[in-house]
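Here is the structure we will look at, set down as structure tokens.
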Amino acid sequence: MNTISPQYKIDTLISEKKIKARISELGTEINSFYKDTSKLLVVGLLRGSFIFIADLVREFQIPVEIDFMTVSSYGNAMQSSNNVRILTDLNTDIKNVDVLLVEDIIDTGHTLNQVIKLLKNRNPNSLEVCCLLNKYSRRETPINSKWIGFDIPDEFVVGYGIDFAQDNRHLPYIGKVII
Ligand code: IMP
Ligand code: MG
């Protein structure tokens with residue numbers, strides 16, 4: 001167990017080595033899925049997906065553009081809601097484009113559900129989802145994510161881009177917070 005802060009501890013849930021190995025597998029699958037695509041646009045949801053995207057796109061041998069958007073749920077900060085607000089929109093027009101939406105965690109599913117609806121309204125040629133972590137037991141809205149890095153239990157996790165009160169994004173592994 002690593003002591004990061006006097007207020008809480010972080011236990012390793014997924015090691016750096018396991019993350020690397022899984023991303024290499026995902027890269028192979030995604031490359032082959034998009035092998036005939038003239039250009040793929042990877043859309044990352046900030047901030048949690050930034051490290052995952054950085055590692056994932058370096059596995060790609062296909063033409064790829066990368067853009068980001070920031071969304072935020074209304075209401076209680078600890079609970080996702082059905083209203084997602086765009087804080088920073090894409091710079092790219094996604095009409096007729098093959099889009100791969102990349103997210104850090106699917107929890108209740110509300111965030112991705114709303115973002116998928118929003119992006120589909122812009123008429124992309126295709127839209128698939130790749131998510132690093134899936135808290136399947138917490139789902140309230142079904143989400144069709146073609147690629148999932150890891151299914152995880154209902155724990156609050158940090159690291160590899162994911163924060164607790166904005167800290168711990170820099171940890172190279174995924175840990176669970178123990179208060
Ligand atoms: P959903 O709308 O409930 O699916 O929430 C997804 C979002 O909640 C993710 O993009 C994360 O930002 C955040 N989230 C969910 N679980 C965790 C966690 O364990 N640690 C940090 N952020 C989380
Ligand atoms: Mg998020």
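Each chain in the structure tokens gets a letter, A, B, ..., in the order shown, and its residues are numbered from 1; ligands are numbered from 1 in order too.
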
Please identify all protein, DNA and RNA residues within 8 Å of ligand 1, counting only C-alpha atoms and all ligand atoms, and report them as a PDB file with all heavy atoms, in the first residue's frame.
ATOM      1  N   LEU A  45     -12.470  12.730 -24.066  1.00  0.00           N
ATOM      2  CA  LEU A  45     -13.161  13.551 -23.073  1.00  0.00           C
ATOM      3  C   LEU A  45     -12.149  13.945 -21.996  1.00  0.00           C
ATOM      4  O   LEU A  45     -11.536  13.084 -21.363  1.00  0.00           O
ATOM      5  CB  LEU A  45     -14.324  12.780 -22.441  1.00  0.00           C
ATOM      6  CG  LEU A  45     -15.492  12.437 -23.373  1.00  0.00           C
ATOM      7  CD1 LEU A  45     -16.642  11.854 -22.568  1.00  0.00           C
ATOM      8  CD2 LEU A  45     -15.958  13.659 -24.160  1.00  0.00           C
ATOM      9  N   ARG A  47     -10.917  15.775 -18.401  1.00  0.00           N
ATOM     10  CA  ARG A  47      -9.489  15.587 -18.492  1.00  0.00           C
ATOM     11  C   ARG A  47      -9.058  14.135 -18.326  1.00  0.00           C
ATOM     12  O   ARG A  47      -7.934  13.786 -18.615  1.00  0.00           O
ATOM     13  CB  ARG A  47      -8.830  16.427 -17.384  1.00  0.00           C
ATOM     14  CG  ARG A  47      -8.773  17.904 -17.724  1.00  0.00           C
ATOM     15  CD  ARG A  47      -8.300  18.706 -16.535  1.00  0.00           C
ATOM     16  NE  ARG A  47      -9.464  19.305 -15.907  1.00  0.00           N
ATOM     17  CZ  ARG A  47      -9.364  20.089 -14.800  1.00  0.00           C
ATOM     18  NH1 ARG A  47      -8.200  20.280 -14.226  1.00  0.00           N
ATOM     19  NH2 ARG A  47     -10.427  20.637 -14.285  1.00  0.00           N
ATOM     20  N   GLY A  48      -9.959  13.290 -17.846  1.00  0.00           N
ATOM     21  CA  GLY A  48      -9.589  11.945 -17.412  1.00  0.00           C
ATOM     22  C   GLY A  48      -8.949  11.053 -18.454  1.00  0.00           C
ATOM     23  O   GLY A  48      -8.213  10.127 -18.118  1.00  0.00           O
ATOM     24  N   SER A  73     -21.306  17.472 -15.839  1.00  0.00           N
ATOM     25  CA  SER A  73     -22.687  17.176 -15.445  1.00  0.00           C
ATOM     26  C   SER A  73     -23.207  18.285 -14.550  1.00  0.00           C
ATOM     27  O   SER A  73     -22.478  18.816 -13.731  1.00  0.00           O
ATOM     28  CB  SER A  73     -22.749  15.862 -14.672  1.00  0.00           C
ATOM     29  OG  SER A  73     -22.286  14.822 -15.467  1.00  0.00           O
ATOM     30  N   GLN A  79     -22.347  12.927  -8.175  1.00  0.00           N
ATOM     31  CA  GLN A  79     -23.204  12.035  -8.935  1.00  0.00           C
ATOM     32  C   GLN A  79     -23.501  12.567 -10.309  1.00  0.00           C
ATOM     33  O   GLN A  79     -23.834  13.739 -10.472  1.00  0.00           O
ATOM     34  CB  GLN A  79     -24.496  11.803  -8.167  1.00  0.00           C
ATOM     35  CG  GLN A  79     -24.451  10.419  -7.580  1.00  0.00           C
ATOM     36  CD  GLN A  79     -25.797   9.907  -7.199  1.00  0.00           C
ATOM     37  OE1 GLN A  79     -26.696  10.657  -6.869  1.00  0.00           O
ATOM     38  NE2 GLN A  79     -25.930   8.616  -7.258  1.00  0.00           N
ATOM     39  N   SER A  80     -23.339  11.694 -11.274  1.00  0.00           N
ATOM     40  CA  SER A  80     -23.579  12.072 -12.642  1.00  0.00           C
ATOM     41  C   SER A  80     -25.073  12.314 -12.847  1.00  0.00           C
ATOM     42  O   SER A  80     -25.898  11.705 -12.200  1.00  0.00           O
ATOM     43  CB  SER A  80     -23.116  10.918 -13.520  1.00  0.00           C
ATOM     44  OG  SER A  80     -23.010  11.349 -14.828  1.00  0.00           O
ATOM     45  N   SER A  81     -25.408  13.225 -13.725  1.00  0.00           N
ATOM     46  CA  SER A  81     -26.823  13.477 -13.970  1.00  0.00           C
ATOM     47  C   SER A  81     -27.122  13.297 -15.451  1.00  0.00           C
ATOM     48  O   SER A  81     -26.238  13.022 -16.248  1.00  0.00           O
ATOM     49  CB  SER A  81     -27.188  14.883 -13.532  1.00  0.00           C
ATOM     50  OG  SER A  81     -26.696  15.805 -14.469  1.00  0.00           O
ATOM     51  N   GLU A 103     -12.992   7.511 -23.484  1.00  0.00           N
ATOM     52  CA  GLU A 103     -13.354   7.998 -22.144  1.00  0.00           C
ATOM     53  C   GLU A 103     -12.574   7.212 -21.098  1.00  0.00           C
ATOM     54  O   GLU A 103     -12.122   6.095 -21.340  1.00  0.00           O
ATOM     55  CB  GLU A 103     -14.891   7.849 -21.979  1.00  0.00           C
ATOM     56  CG  GLU A 103     -15.470   8.036 -20.609  1.00  0.00           C
ATOM     57  CD  GLU A 103     -15.361   9.441 -20.029  1.00  0.00           C
ATOM     58  OE1 GLU A 103     -14.290  10.064 -20.164  1.00  0.00           O
ATOM     59  OE2 GLU A 103     -16.337   9.883 -19.391  1.00  0.00           O
ATOM     60  N   ASP A 104     -12.451   7.791 -19.912  1.00  0.00           N
ATOM     61  CA  ASP A 104     -11.710   7.110 -18.849  1.00  0.00           C
ATOM     62  C   ASP A 104     -12.546   6.019 -18.158  1.00  0.00           C
ATOM     63  O   ASP A 104     -12.132   4.871 -18.074  1.00  0.00           O
ATOM     64  CB  ASP A 104     -11.148   8.109 -17.818  1.00  0.00           C
ATOM     65  CG  ASP A 104     -12.209   9.031 -17.209  1.00  0.00           C
ATOM     66  OD1 ASP A 104     -13.384   8.976 -17.631  1.00  0.00           O
ATOM     67  OD2 ASP A 104     -11.861   9.813 -16.305  1.00  0.00           O
ATOM     68  N   ILE A 105     -13.741   6.413 -17.669  1.00  0.00           N
ATOM     69  CA  ILE A 105     -14.552   5.461 -16.888  1.00  0.00           C
ATOM     70  C   ILE A 105     -16.020   5.533 -17.310  1.00  0.00           C
ATOM     71  O   ILE A 105     -16.557   6.631 -17.473  1.00  0.00           O
ATOM     72  CB  ILE A 105     -14.524   5.812 -15.378  1.00  0.00           C
ATOM     73  CG1 ILE A 105     -13.089   5.875 -14.866  1.00  0.00           C
ATOM     74  CG2 ILE A 105     -15.313   4.805 -14.556  1.00  0.00           C
ATOM     75  CD1 ILE A 105     -12.993   6.263 -13.397  1.00  0.00           C
ATOM     76  N   ILE A 106     -16.654   4.397 -17.453  1.00  0.00           N
ATOM     77  CA  ILE A 106     -18.123   4.386 -17.529  1.00  0.00           C
ATOM     78  C   ILE A 106     -18.617   3.951 -16.164  1.00  0.00           C
ATOM     79  O   ILE A 106     -18.315   2.849 -15.697  1.00  0.00           O
ATOM     80  CB  ILE A 106     -18.691   3.400 -18.576  1.00  0.00           C
ATOM     81  CG1 ILE A 106     -17.914   3.440 -19.884  1.00  0.00           C
ATOM     82  CG2 ILE A 106     -20.166   3.711 -18.821  1.00  0.00           C
ATOM     83  CD1 ILE A 106     -18.423   2.420 -20.905  1.00  0.00           C
ATOM     84  N   ASP A 107     -19.372   4.845 -15.550  1.00  0.00           N
ATOM     85  CA  ASP A 107     -19.895   4.577 -14.204  1.00  0.00           C
ATOM     86  C   ASP A 107     -21.409   4.358 -14.362  1.00  0.00           C
ATOM     87  O   ASP A 107     -21.834   3.277 -14.765  1.00  0.00           O
ATOM     88  CB  ASP A 107     -19.530   5.779 -13.323  1.00  0.00           C
ATOM     89  CG  ASP A 107     -19.830   5.575 -11.851  1.00  0.00           C
ATOM     90  OD1 ASP A 107     -19.937   4.429 -11.417  1.00  0.00           O
ATOM     91  OD2 ASP A 107     -19.966   6.568 -11.118  1.00  0.00           O
ATOM     92  N   THR A 108     -22.237   5.366 -14.117  1.00  0.00           N
ATOM     93  CA  THR A 108     -23.672   5.202 -14.356  1.00  0.00           C
ATOM     94  C   THR A 108     -23.981   5.110 -15.845  1.00  0.00           C
ATOM     95  O   THR A 108     -24.995   4.557 -16.253  1.00  0.00           O
ATOM     96  CB  THR A 108     -24.475   6.386 -13.778  1.00  0.00           C
ATOM     97  OG1 THR A 108     -24.084   7.580 -14.459  1.00  0.00           O
ATOM     98  CG2 THR A 108     -24.250   6.548 -12.291  1.00  0.00           C
ATOM     99  N   GLY A 109     -23.128   5.713 -16.663  1.00  0.00           N
ATOM    100  CA  GLY A 109     -23.341   5.732 -18.112  1.00  0.00           C
ATOM    101  C   GLY A 109     -23.973   7.024 -18.611  1.00  0.00           C
ATOM    102  O   GLY A 109     -24.058   7.253 -19.812  1.00  0.00           O
ATOM    103  N   HIS A 110     -24.405   7.887 -17.680  1.00  0.00           N
ATOM    104  CA  HIS A 110     -25.120   9.101 -18.104  1.00  0.00           C
ATOM    105  C   HIS A 110     -24.248  10.025 -18.954  1.00  0.00           C
ATOM    106  O   HIS A 110     -24.711  10.559 -19.961  1.00  0.00           O
ATOM    107  CB  HIS A 110     -25.660   9.865 -16.891  1.00  0.00           C
ATOM    108  CG  HIS A 110     -26.747   9.126 -16.165  1.00  0.00           C
ATOM    109  ND1 HIS A 110     -27.821   8.573 -16.825  1.00  0.00           N
ATOM    110  CD2 HIS A 110     -26.908   8.831 -14.858  1.00  0.00           C
ATOM    111  CE1 HIS A 110     -28.613   7.977 -15.937  1.00  0.00           C
ATOM    112  NE2 HIS A 110     -28.078   8.107 -14.744  1.00  0.00           N
ATOM    113  N   THR A 111     -22.994  10.191 -18.545  1.00  0.00           N
ATOM    114  CA  THR A 111     -22.113  11.109 -19.293  1.00  0.00           C
ATOM    115  C   THR A 111     -21.973  10.645 -20.736  1.00  0.00           C
ATOM    116  O   THR A 111     -22.233  11.407 -21.678  1.00  0.00           O
ATOM    117  CB  THR A 111     -20.713  11.183 -18.623  1.00  0.00           C
ATOM    118  OG1 THR A 111     -20.882  11.560 -17.264  1.00  0.00           O
ATOM    119  CG2 THR A 111     -19.812  12.184 -19.335  1.00  0.00           C
ATOM    120  N   LEU A 112     -21.578   9.389 -20.912  1.00  0.00           N
ATOM    121  CA  LEU A 112     -21.363   8.897 -22.285  1.00  0.00           C
ATOM    122  C   LEU A 112     -22.658   8.876 -23.075  1.00  0.00           C
ATOM    123  O   LEU A 112     -22.675   9.195 -24.262  1.00  0.00           O
ATOM    124  CB  LEU A 112     -20.741   7.502 -22.261  1.00  0.00           C
ATOM    125  CG  LEU A 112     -19.215   7.466 -22.313  1.00  0.00           C
ATOM    126  CD1 LEU A 112     -18.740   6.030 -22.372  1.00  0.00           C
ATOM    127  CD2 LEU A 112     -18.677   8.249 -23.512  1.00  0.00           C
ATOM    128  N   ASN A 113     -23.743   8.504 -22.429  1.00  0.00           N
ATOM    129  CA  ASN A 113     -25.036   8.466 -23.107  1.00  0.00           C
ATOM    130  C   ASN A 113     -25.354   9.825 -23.733  1.00  0.00           C
ATOM    131  O   ASN A 113     -25.759   9.916 -24.893  1.00  0.00           O
ATOM    132  CB  ASN A 113     -26.111   8.052 -22.095  1.00  0.00           C
ATOM    133  CG  ASN A 113     -27.473   7.911 -22.730  1.00  0.00           C
ATOM    134  OD1 ASN A 113     -27.599   7.317 -23.791  1.00  0.00           O
ATOM    135  ND2 ASN A 113     -28.476   8.469 -22.089  1.00  0.00           N
ATOM    136  N   LYS A 135     -17.254   0.317 -14.733  1.00  0.00           N
ATOM    137  CA  LYS A 135     -17.864  -0.100 -13.461  1.00  0.00           C
ATOM    138  C   LYS A 135     -19.256  -0.621 -13.795  1.00  0.00           C
ATOM    139  O   LYS A 135     -20.260   0.081 -13.633  1.00  0.00           O
ATOM    140  CB  LYS A 135     -17.992   1.108 -12.526  1.00  0.00           C
ATOM    141  CG  LYS A 135     -16.704   1.592 -11.934  1.00  0.00           C
ATOM    142  CD  LYS A 135     -17.039   2.608 -10.839  1.00  0.00           C
ATOM    143  CE  LYS A 135     -15.842   3.417 -10.466  1.00  0.00           C
ATOM    144  NZ  LYS A 135     -16.203   4.530  -9.563  1.00  0.00           N
ATOM    145  N   ARG A 138     -22.528  -0.406 -11.647  1.00  0.00           N
ATOM    146  CA  ARG A 138     -23.107   0.907 -11.350  1.00  0.00           C
ATOM    147  C   ARG A 138     -23.992   1.443 -12.481  1.00  0.00           C
ATOM    148  O   ARG A 138     -24.568   2.518 -12.382  1.00  0.00           O
ATOM    149  CB  ARG A 138     -21.970   1.910 -11.120  1.00  0.00           C
ATOM    150  CG  ARG A 138     -21.100   1.558  -9.939  1.00  0.00           C
ATOM    151  CD  ARG A 138     -21.369   2.448  -8.780  1.00  0.00           C
ATOM    152  NE  ARG A 138     -21.409   3.847  -9.204  1.00  0.00           N
ATOM    153  CZ  ARG A 138     -22.086   4.780  -8.565  1.00  0.00           C
ATOM    154  NH1 ARG A 138     -22.792   4.483  -7.510  1.00  0.00           N
ATOM    155  NH2 ARG A 138     -22.066   6.026  -9.006  1.00  0.00           N
ATOM    156  N   ARG A 139     -24.101   0.672 -13.556  1.00  0.00           N
ATOM    157  CA  ARG A 139     -24.768   1.200 -14.754  1.00  0.00           C
ATOM    158  C   ARG A 139     -26.240   1.509 -14.534  1.00  0.00           C
ATOM    159  O   ARG A 139     -26.984   0.706 -13.999  1.00  0.00           O
ATOM    160  CB  ARG A 139     -24.626   0.195 -15.910  1.00  0.00           C
ATOM    161  CG  ARG A 139     -24.946   0.820 -17.255  1.00  0.00           C
ATOM    162  CD  ARG A 139     -23.836   1.756 -17.776  1.00  0.00           C
ATOM    163  NE  ARG A 139     -22.804   0.986 -18.433  1.00  0.00           N
ATOM    164  CZ  ARG A 139     -21.641   0.737 -17.888  1.00  0.00           C
ATOM    165  NH1 ARG A 139     -21.316   1.207 -16.713  1.00  0.00           N
ATOM    166  NH2 ARG A 139     -20.765   0.020 -18.526  1.00  0.00           N
ATOM    167  N   ASP A 154     -16.995  -1.725  -7.947  1.00  0.00           N
ATOM    168  CA  ASP A 154     -17.472  -0.404  -7.540  1.00  0.00           C
ATOM    169  C   ASP A 154     -16.543   0.183  -6.477  1.00  0.00           C
ATOM    170  O   ASP A 154     -16.825   0.137  -5.293  1.00  0.00           O
ATOM    171  CB  ASP A 154     -18.913  -0.533  -7.012  1.00  0.00           C
ATOM    172  CG  ASP A 154     -19.490   0.809  -6.606  1.00  0.00           C
ATOM    173  OD1 ASP A 154     -18.881   1.848  -6.955  1.00  0.00           O
ATOM    174  OD2 ASP A 154     -20.538   0.818  -5.949  1.00  0.00           O
ATOM    175  N   GLU A 155     -15.415   0.712  -6.951  1.00  0.00           N
ATOM    176  CA  GLU A 155     -14.428   1.351  -6.069  1.00  0.00           C
ATOM    177  C   GLU A 155     -14.149   2.724  -6.655  1.00  0.00           C
ATOM    178  O   GLU A 155     -14.259   2.907  -7.868  1.00  0.00           O
ATOM    179  CB  GLU A 155     -13.090   0.574  -6.100  1.00  0.00           C
ATOM    180  CG  GLU A 155     -13.180  -0.875  -5.710  1.00  0.00           C
ATOM    181  CD  GLU A 155     -13.125  -1.086  -4.211  1.00  0.00           C
ATOM    182  OE1 GLU A 155     -13.088  -0.082  -3.471  1.00  0.00           O
ATOM    183  OE2 GLU A 155     -13.141  -2.250  -3.785  1.00  0.00           O
ATOM    184  N   PHE A 156     -13.752   3.667  -5.825  1.00  0.00           N
ATOM    185  CA  PHE A 156     -13.345   4.964  -6.362  1.00  0.00           C
ATOM    186  C   PHE A 156     -11.876   4.851  -6.763  1.00  0.00           C
ATOM    187  O   PHE A 156     -11.018   4.542  -5.943  1.00  0.00           O
ATOM    188  CB  PHE A 156     -13.549   6.096  -5.349  1.00  0.00           C
ATOM    189  CG  PHE A 156     -13.476   7.429  -6.015  1.00  0.00           C
ATOM    190  CD1 PHE A 156     -14.597   7.991  -6.607  1.00  0.00           C
ATOM    191  CD2 PHE A 156     -12.267   8.111  -6.114  1.00  0.00           C
ATOM    192  CE1 PHE A 156     -14.519   9.217  -7.277  1.00  0.00           C
ATOM    193  CE2 PHE A 156     -12.182   9.328  -6.784  1.00  0.00           C
ATOM    194  CZ  PHE A 156     -13.312   9.882  -7.361  1.00  0.00           C
ATOM    195  N   VAL A 157     -11.595   5.066  -8.032  1.00  0.00           N
ATOM    196  CA  VAL A 157     -10.246   4.842  -8.543  1.00  0.00           C
ATOM    197  C   VAL A 157      -9.585   6.153  -8.983  1.00  0.00           C
ATOM    198  O   VAL A 157     -10.259   7.129  -9.316  1.00  0.00           O
ATOM    199  CB  VAL A 157     -10.240   3.829  -9.709  1.00  0.00           C
ATOM    200  CG1 VAL A 157     -10.685   2.464  -9.227  1.00  0.00           C
ATOM    201  CG2 VAL A 157     -11.097   4.301 -10.873  1.00  0.00           C
ATOM    202  N   VAL A 158      -8.265   6.109  -8.976  1.00  0.00           N
ATOM    203  CA  VAL A 158      -7.462   7.271  -9.392  1.00  0.00           C
ATOM    204  C   VAL A 158      -6.252   6.799 -10.191  1.00  0.00           C
ATOM    205  O   VAL A 158      -5.924   5.611 -10.206  1.00  0.00           O
ATOM    206  CB  VAL A 158      -6.931   8.073  -8.170  1.00  0.00           C
ATOM    207  CG1 VAL A 158      -8.055   8.743  -7.412  1.00  0.00           C
ATOM    208  CG2 VAL A 158      -6.097   7.181  -7.250  1.00  0.00           C
ATOM    209  N   ILE A 162      -6.829   9.800 -14.114  1.00  0.00           N
ATOM    210  CA  ILE A 162      -8.075   9.928 -13.337  1.00  0.00           C
ATOM    211  C   ILE A 162      -7.772  10.547 -11.966  1.00  0.00           C
ATOM    212  O   ILE A 162      -6.804  10.156 -11.310  1.00  0.00           O
ATOM    213  CB  ILE A 162      -8.740   8.540 -13.189  1.00  0.00           C
ATOM    214  CG1 ILE A 162      -9.056   7.980 -14.572  1.00  0.00           C
ATOM    215  CG2 ILE A 162      -9.982   8.614 -12.315  1.00  0.00           C
ATOM    216  CD1 ILE A 162      -9.275   6.481 -14.596  1.00  0.00           C
ATOM    217  N   ASP A 163      -8.624  11.472 -11.551  1.00  0.00           N
ATOM    218  CA  ASP A 163      -8.321  12.246 -10.348  1.00  0.00           C
ATOM    219  C   ASP A 163      -9.215  11.936  -9.153  1.00  0.00           C
ATOM    220  O   ASP A 163     -10.305  11.382  -9.288  1.00  0.00           O
ATOM    221  CB  ASP A 163      -8.477  13.741 -10.643  1.00  0.00           C
ATOM    222  CG  ASP A 163      -9.953  14.150 -10.734  1.00  0.00           C
ATOM    223  OD1 ASP A 163     -10.668  13.592 -11.589  1.00  0.00           O
ATOM    224  OD2 ASP A 163     -10.396  14.995  -9.924  1.00  0.00           O
ATOM    225  N   PHE A 164      -8.714  12.339  -7.994  1.00  0.00           N
ATOM    226  CA  PHE A 164      -9.545  12.501  -6.806  1.00  0.00           C
ATOM    227  C   PHE A 164      -9.269  13.934  -6.345  1.00  0.00           C
ATOM    228  O   PHE A 164      -8.122  14.249  -6.017  1.00  0.00           O
ATOM    229  CB  PHE A 164      -9.159  11.483  -5.725  1.00  0.00           C
ATOM    230  CG  PHE A 164      -9.914  11.638  -4.427  1.00  0.00           C
ATOM    231  CD1 PHE A 164     -11.248  12.017  -4.398  1.00  0.00           C
ATOM    232  CD2 PHE A 164      -9.283  11.380  -3.218  1.00  0.00           C
ATOM    233  CE1 PHE A 164     -11.939  12.148  -3.209  1.00  0.00           C
ATOM    234  CE2 PHE A 164      -9.964  11.501  -2.011  1.00  0.00           C
ATOM    235  CZ  PHE A 164     -11.294  11.899  -2.010  1.00  0.00           C
ATOM    236  N   LYS A 176      -7.032   2.225  -6.059  1.00  0.00           N
ATOM    237  CA  LYS A 176      -8.319   2.530  -5.420  1.00  0.00           C
ATOM    238  C   LYS A 176      -8.073   3.343  -4.157  1.00  0.00           C
ATOM    239  O   LYS A 176      -7.100   3.098  -3.425  1.00  0.00           O
ATOM    240  CB  LYS A 176      -9.140   1.271  -5.159  1.00  0.00           C
ATOM    241  CG  LYS A 176      -8.549   0.275  -4.223  1.00  0.00           C
ATOM    242  CD  LYS A 176      -9.538  -0.871  -4.009  1.00  0.00           C
ATOM    243  CE  LYS A 176      -8.936  -1.915  -3.086  1.00  0.00           C
ATOM    244  NZ  LYS A 176      -9.763  -3.090  -2.912  1.00  0.00           N
TER     245      LYS A 176
END

Practice problem: Excluding Gly44 of chain A and any residue of its chain fewer than 6 positions from it, enumerate the residues within 10 Å of it, using only C-alpha atoms, and give them as a VMD selection string. | Solution: chain A and resid 50 52 to 54 66 to 70 90 100 to 104 130

Quiz item: Quick one: DSSP helix (DSSP H, G or I) residues in segment 2-160 of chain A, as a PyMOL selection string?
Solution: chain A and resi 16-33+50-57+110-120+136-138

Quiz item: Neighbours of Leu13 of chain A within 8 Å (only C-alpha atoms; same-chain residues fewer than 5 positions away dropped), as a PyMOL selection string?
Solution: chain A and resi 173-176

Quiz item: Between A:Ser137, A:Thr92, A:Thr37, A:Ser15, which is the closest to Arg122 of chain A once you count only C-alpha atoms?
Solution: A:Thr92

Exercise. Would you please extract all strand (DSSP E or B) residues from chain A, as assigned by DSSP on the backbone, and give them as a PyMOL selection string?
Key: chain A and resi 2-3+9-14+40-46+64-73+84-88+98-106+126-134+147-151+157-159+162+164+167+174-178

Practice problem: Would you mind listing what lies within 9 Å of Ile30 of chain A as a list in words, with only C-alpha atoms counted and same-chain residues fewer than 4 positions away left out? | Solution: Glu25, Leu26, Tyr34, Lys35, Phe60 and Trp147 of chain A

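Distances here use only C-alpha atoms and all ligand atoms; by that measure, the residue among A:Gln114, A:Ala165, A:Lys146, A:Ser72 closest to ligand 2 is A:Ser72.
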
Self-check item: Within 8 Å of Asp55 of chain A using only C-alpha atoms, minus same-chain residues under 4 positions, as a list in words
Solution: Ile23, Ile51 and Glu59 of chain A

Any chance you can output those residues with N, CA and C atoms as an mmCIF file, in the first residue's frame?
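Saved as again21.cif:
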data_model
loop_
_atom_site.group_PDB
_atom_site.id
_atom_site.type_symbol
_atom_site.label_atom_id
_atom_site.label_comp_id
_atom_site.auth_asym_id
_atom_site.auth_seq_id
_atom_site.Cartn_x
_atom_site.Cartn_y
_atom_site.Cartn_z
ATOM 1 N N ILE A 23 -3.358 -2.059 -23.368
ATOM 2 C CA ILE A 23 -3.415 -1.023 -24.400
ATOM 3 C C ILE A 23 -2.827 -1.533 -25.709
ATOM 4 N N ILE A 51 -4.149 10.676 -20.595
ATOM 5 C CA ILE A 51 -2.998 9.757 -20.613
ATOM 6 C C ILE A 51 -3.340 8.499 -21.415
ATOM 7 N N GLU A 59 -0.268 3.329 -30.477
ATOM 8 C CA GLU A 59 -0.375 1.944 -30.978
ATOM 9 C C GLU A 59 -0.946 1.918 -32.394
#

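Coordinates place atom CA of Glu65 of chain A at a distance of 15.4 Å from atom CA of Asp36 of chain A.
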
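If you count only C-alpha atoms and ignore residues fewer than 5 places along the chain from Val97 of chain A, what sits within 12 Å of it is Thr37, Ser38, Lys39, Leu40, Leu41, Val42, Val43, Val64, Glu65, Thr92, Leu119, Lys120, Arg122, Asn123, Pro124, Asn125, Ser126, Leu127 and Glu128 of chain A.
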
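Distances here use only C-alpha atoms and all ligand atoms; by that measure, the residue among A:Asn31, A:Gln7, A:Ser49, A:Asn121 closest to ligand 2 is A:Ser49.
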
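Minimum distance to ligand 2 across A:Ile19, A:Val71, A:Ile152, A:Leu133 (counting only C-alpha atoms and all ligand atoms) occurs at A:Val71.
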
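Closest to His170 of chain A among A:Lys95, A:Pro153, A:Glu16, A:Tyr8 is A:Glu16, based on only C-alpha atoms.
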